[in-house]
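This is start_30.pdb (PDB, C-alpha atoms).
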MODEL        1
ATOM      1  CA  MET A 147       6.149 -15.147  -4.312  1.00  0.00           C
ATOM      2  CA  ASP A 148       8.553 -13.734  -1.727  1.00  0.00           C
ATOM      3  CA  ASP A 149       7.009 -10.893   0.309  1.00  0.00           C
ATOM      4  CA  GLY A 150       9.866  -8.517  -0.529  1.00  0.00           C
ATOM      5  CA  VAL A 151       9.415  -9.101  -4.252  1.00  0.00           C
ATOM      6  CA  LEU A 152       5.652  -8.733  -3.869  1.00  0.00           C
ATOM      7  CA  LEU A 153       6.109  -5.413  -2.058  1.00  0.00           C
ATOM      8  CA  ASN A 154       8.320  -4.169  -4.905  1.00  0.00           C
ATOM      9  CA  GLN A 155       5.702  -5.222  -7.477  1.00  0.00           C
ATOM     10  CA  ILE A 156       2.944  -3.423  -5.538  1.00  0.00           C
ATOM     11  CA  GLU A 157       5.107  -0.292  -5.196  1.00  0.00           C
ATOM     12  CA  GLU A 158       5.639  -0.317  -8.984  1.00  0.00           C
ATOM     13  CA  LEU A 159       1.897  -0.593  -9.554  1.00  0.00           C
ATOM     14  CA  ALA A 160       1.324   2.350  -7.207  1.00  0.00           C
ATOM     15  CA  GLY A 161       3.836   4.364  -9.225  1.00  0.00           C
ATOM     16  CA  LYS A 162       1.972   3.591 -12.445  1.00  0.00           C
ATOM     17  CA  LEU A 163      -1.155   4.954 -10.773  1.00  0.00           C
ATOM     18  CA  GLY A 164       0.648   8.190  -9.872  1.00  0.00           C
ATOM     19  CA  ILE A 165       1.055   7.379  -6.188  1.00  0.00           C
ATOM     20  CA  GLU A 166       4.388   8.195  -4.589  1.00  0.00           C
ATOM     21  CA  ILE A 167       5.188   6.012  -1.578  1.00  0.00           C
ATOM     22  CA  ARG A 168       7.245   7.449   1.253  1.00  0.00           C
ATOM     23  CA  TYR A 169       8.427   5.508   4.280  1.00  0.00           C
ATOM     24  CA  GLY A 170       9.155   7.359   7.475  1.00  0.00           C
ATOM     25  CA  ASN A 171       8.874   7.338  11.229  1.00  0.00           C
ATOM     26  CA  ILE A 172       5.317   8.259  12.164  1.00  0.00           C
ATOM     27  CA  ALA A 173       5.779   9.361  15.742  1.00  0.00           C
ATOM     28  CA  VAL A 174       2.498  10.853  16.825  1.00  0.00           C
ATOM     29  CA  GLU A 175       1.908  10.255  20.520  1.00  0.00           C
ATOM     30  CA  GLU A 176      -1.048   8.038  21.343  1.00  0.00           C
ATOM     31  CA  SER A 177      -1.664   7.388  17.664  1.00  0.00           C
ATOM     32  CA  HIS A 178      -1.978   3.930  16.202  1.00  0.00           C
ATOM     33  CA  ARG A 179      -1.778   5.279  12.663  1.00  0.00           C
ATOM     34  CA  THR A 180       0.482   3.312  10.401  1.00  0.00           C
ATOM     35  CA  GLY A 181       0.143   5.394   7.280  1.00  0.00           C
ATOM     36  CA  GLY A 182      -2.206   7.207   4.991  1.00  0.00           C
ATOM     37  CA  LEU A 183      -2.834   8.731   1.600  1.00  0.00           C
ATOM     38  CA  CYS A 184      -2.728  12.472   1.029  1.00  0.00           C
ATOM     39  CA  ARG A 185      -2.306  14.919  -1.829  1.00  0.00           C
ATOM     40  CA  VAL A 186       0.704  17.193  -1.947  1.00  0.00           C
ATOM     41  CA  LYS A 187       0.662  19.804  -4.730  1.00  0.00           C
ATOM     42  CA  GLY A 188      -1.771  17.654  -6.719  1.00  0.00           C
ATOM     43  CA  GLN A 189       0.327  14.479  -6.345  1.00  0.00           C
ATOM     44  CA  TYR A 190      -0.897  11.463  -4.388  1.00  0.00           C
ATOM     45  CA  VAL A 191       1.528  10.526  -1.624  1.00  0.00           C
ATOM     46  CA  LEU A 192       1.134   7.435   0.528  1.00  0.00           C
ATOM     47  CA  ILE A 193       3.065   7.768   3.776  1.00  0.00           C
ATOM     48  CA  ILE A 194       3.806   4.496   5.576  1.00  0.00           C
ATOM     49  CA  HIS A 195       5.494   3.923   8.908  1.00  0.00           C
ATOM     50  CA  SER A 196       8.936   2.533   8.122  1.00  0.00           C
ATOM     51  CA  ARG A 197       8.975   0.131  11.081  1.00  0.00           C
ATOM     52  CA  LEU A 198       6.032  -1.937   9.875  1.00  0.00           C
ATOM     53  CA  THR A 199       6.576  -5.475   8.678  1.00  0.00           C
ATOM     54  CA  VAL A 200       6.625  -6.159   4.953  1.00  0.00           C
ATOM     55  CA  LYS A 201       3.192  -7.813   5.243  1.00  0.00           C
ATOM     56  CA  GLU A 202       1.773  -4.752   6.988  1.00  0.00           C
ATOM     57  CA  LYS A 203       3.209  -2.461   4.303  1.00  0.00           C
ATOM     58  CA  ILE A 204       1.674  -4.664   1.620  1.00  0.00           C
ATOM     59  CA  GLY A 205      -1.688  -4.492   3.390  1.00  0.00           C
ATOM     60  CA  ILE A 206      -1.671  -0.686   3.581  1.00  0.00           C
ATOM     61  CA  ILE A 207      -0.703  -0.254  -0.064  1.00  0.00           C
ATOM     62  CA  ILE A 208      -3.272  -2.799  -1.252  1.00  0.00           C
ATOM     63  CA  LYS A 209      -6.050  -1.029   0.697  1.00  0.00           C
ATOM     64  CA  THR A 210      -5.002   2.259  -0.885  1.00  0.00           C
ATOM     65  CA  LEU A 211      -4.809   0.860  -4.414  1.00  0.00           C
ATOM     66  CA  LYS A 212      -8.300  -0.606  -4.077  1.00  0.00           C
ATOM     67  CA  GLY A 213      -9.703   2.914  -4.504  1.00  0.00           C
ATOM     68  CA  PHE A 214      -8.000   3.519  -7.860  1.00  0.00           C
ATOM     69  CA  GLU A 215      -9.099   2.582 -11.375  1.00  0.00           C
ATOM     70  CA  MET A 216      -6.860  -0.122 -12.863  1.00  0.00           C
ATOM     71  CA  ASP A 217      -8.852  -1.439 -15.807  1.00  0.00           C
ATOM     72  CA  ASP A 218      -6.251  -0.186 -18.298  1.00  0.00           C
ATOM     73  CA  LEU A 219      -3.259  -1.652 -16.431  1.00  0.00           C
ATOM     74  CA  TYR A 220      -1.942  -5.182 -16.364  1.00  0.00           C
ATOM     75  CA  VAL A 221      -1.966  -6.377 -12.768  1.00  0.00           C
ATOM     76  CA  ILE A 222      -0.212  -9.655 -12.012  1.00  0.00           C
ATOM     77  CA  PRO A 223      -2.570 -12.339 -10.695  1.00  0.00           C
ATOM     78  CA  VAL A 224      -1.188 -12.438  -7.144  1.00  0.00           C
ATOM     79  CA  ILE A 225      -1.758  -8.685  -6.739  1.00  0.00           C
ATOM     80  CA  ARG A 226      -5.190  -8.897  -8.374  1.00  0.00           C
ATOM     81  CA  GLU A 227      -6.086 -11.587  -5.836  1.00  0.00           C
ATOM     82  CA  LEU A 228      -4.935  -9.372  -2.948  1.00  0.00           C
ATOM     83  CA  LEU A 229      -6.976  -6.478  -4.314  1.00  0.00           C
ATOM     84  CA  ASP A 230     -10.045  -8.702  -4.556  1.00  0.00           C
ATOM     85  CA  LYS A 231      -9.536  -9.828  -0.945  1.00  0.00           C
ATOM     86  CA  SER A 232      -8.733  -6.363   0.396  1.00  0.00           C
ATOM     87  CA  GLY A 233     -12.069  -6.123   2.197  1.00  0.00           C
ATOM     88  CA  GLU A 234     -10.940  -9.098   4.243  1.00  0.00           C
ATOM     89  CA  ARG A 235      -8.141  -9.035   6.781  1.00  0.00           C
ATOM     90  CA  ILE A 236      -4.746  -9.630   5.143  1.00  0.00           C
ATOM     91  CA  GLU A 237      -2.492 -12.002   7.084  1.00  0.00           C
ATOM     92  CA  GLY A 238       0.018 -10.099   9.181  1.00  0.00           C
ATOM     93  CA  GLU A 239      -1.902  -6.841   8.920  1.00  0.00           C
ATOM     94  CA  ASN A 240      -2.236  -4.837  12.080  1.00  0.00           C
ATOM     95  CA  THR A 241      -5.247  -2.498  11.867  1.00  0.00           C
TER      96      THR A 241
ENDMDL
END
structure tokens encoding of this file:
Amino acid sequence: MDDGVLLNQIEELAGKLGIEIRYGNIAVEESHRTGGLCRVKGQYVLIIHSRLTVKEKIGIIIKTLKGFEMDDLYVIPVIRELLDKSGERIEGENT
């Protein structure tokens, strides 16, 4: 599956879990942060640095989704596999 399509599929899954994804320029001096999950007015928001590669974005979202319950949702096999591997380093990820 094309990485762009995969990213879209993962973003849709995040939405089903109530996670809003925002891309922006994270410009904190001397910080190597690439994104993170927070709660804003009771809503989960995942902020991701917009200049990351598609693979890096996928890696951050997958790591975040790993902490959410998905037993009642259909997750396509390629995403399920990424979730199962999320403890391992995902190719292209920069952490």
For this session: Using only C-alpha atoms, give me every residue within 9 Å of (1.8, 5.7, -6.0) in file coordinates, as a VMD selection string.
Result: chain A and resid 157 to 167 189 to 192 207 211
For this session: Tell me, in Å to one decimal, how far CA of Lys212 in chain A is from CA of Gly182 in chain A.
Result: 13.4 Å
Problem set entry | Proximity to Ile193 in chain A - best of A:Leu229, A:Ile206, A:Ile156, A:Met147, all atoms listed in the file |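 Smallest distance to Ile193 in chain A is found for A:Ile206.
Of note, CA of His195 in chain A and CA of Tyr169 in chain A are spaced 5.7 Å apart.
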Problem set entry | Between CA of Leu152 in chain A and CA of Leu228 in chain A, distance in Å (one decimal) | 10.6 Å
Kindly provide, as AutoDock Vina command-line options, the centre and edge lengths (Å, one decimal) of an axis-aligned box around all atoms of range 178-192 of chain A given in the file, with 6 Å on each side.
--center_x -0.7 --center_y 11.6 --center_z 4.7 --size_x 16.4 --size_y 28.5 --size_z 34.9
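Minimum distance to Asp149 in chain A across A:Asn171, A:Ile225, A:Lys209, A:Leu183 (counting all atoms listed in the file) occurs at A:Ile225.
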Problem set entry | Among listed residues A:Ile172, A:Val186, A:Val200, A:Ile208, nearest Val224 in chain A (using all atoms listed in the file) | A:Ile208
Taking 4 positions as the minimum chain separation for residues in the same chain, which residues sit within 8 Å of Leu198 in chain A when counting all atoms listed in the file? Answer as a CSV table (one decimal) with C-alpha atoms, in the frame of the given file.
chain,number,residue,atom,x,y,z
A,180,THR,CA,0.5,3.3,10.4
A,202,GLU,CA,1.8,-4.8,7.0
A,203,LYS,CA,3.2,-2.5,4.3
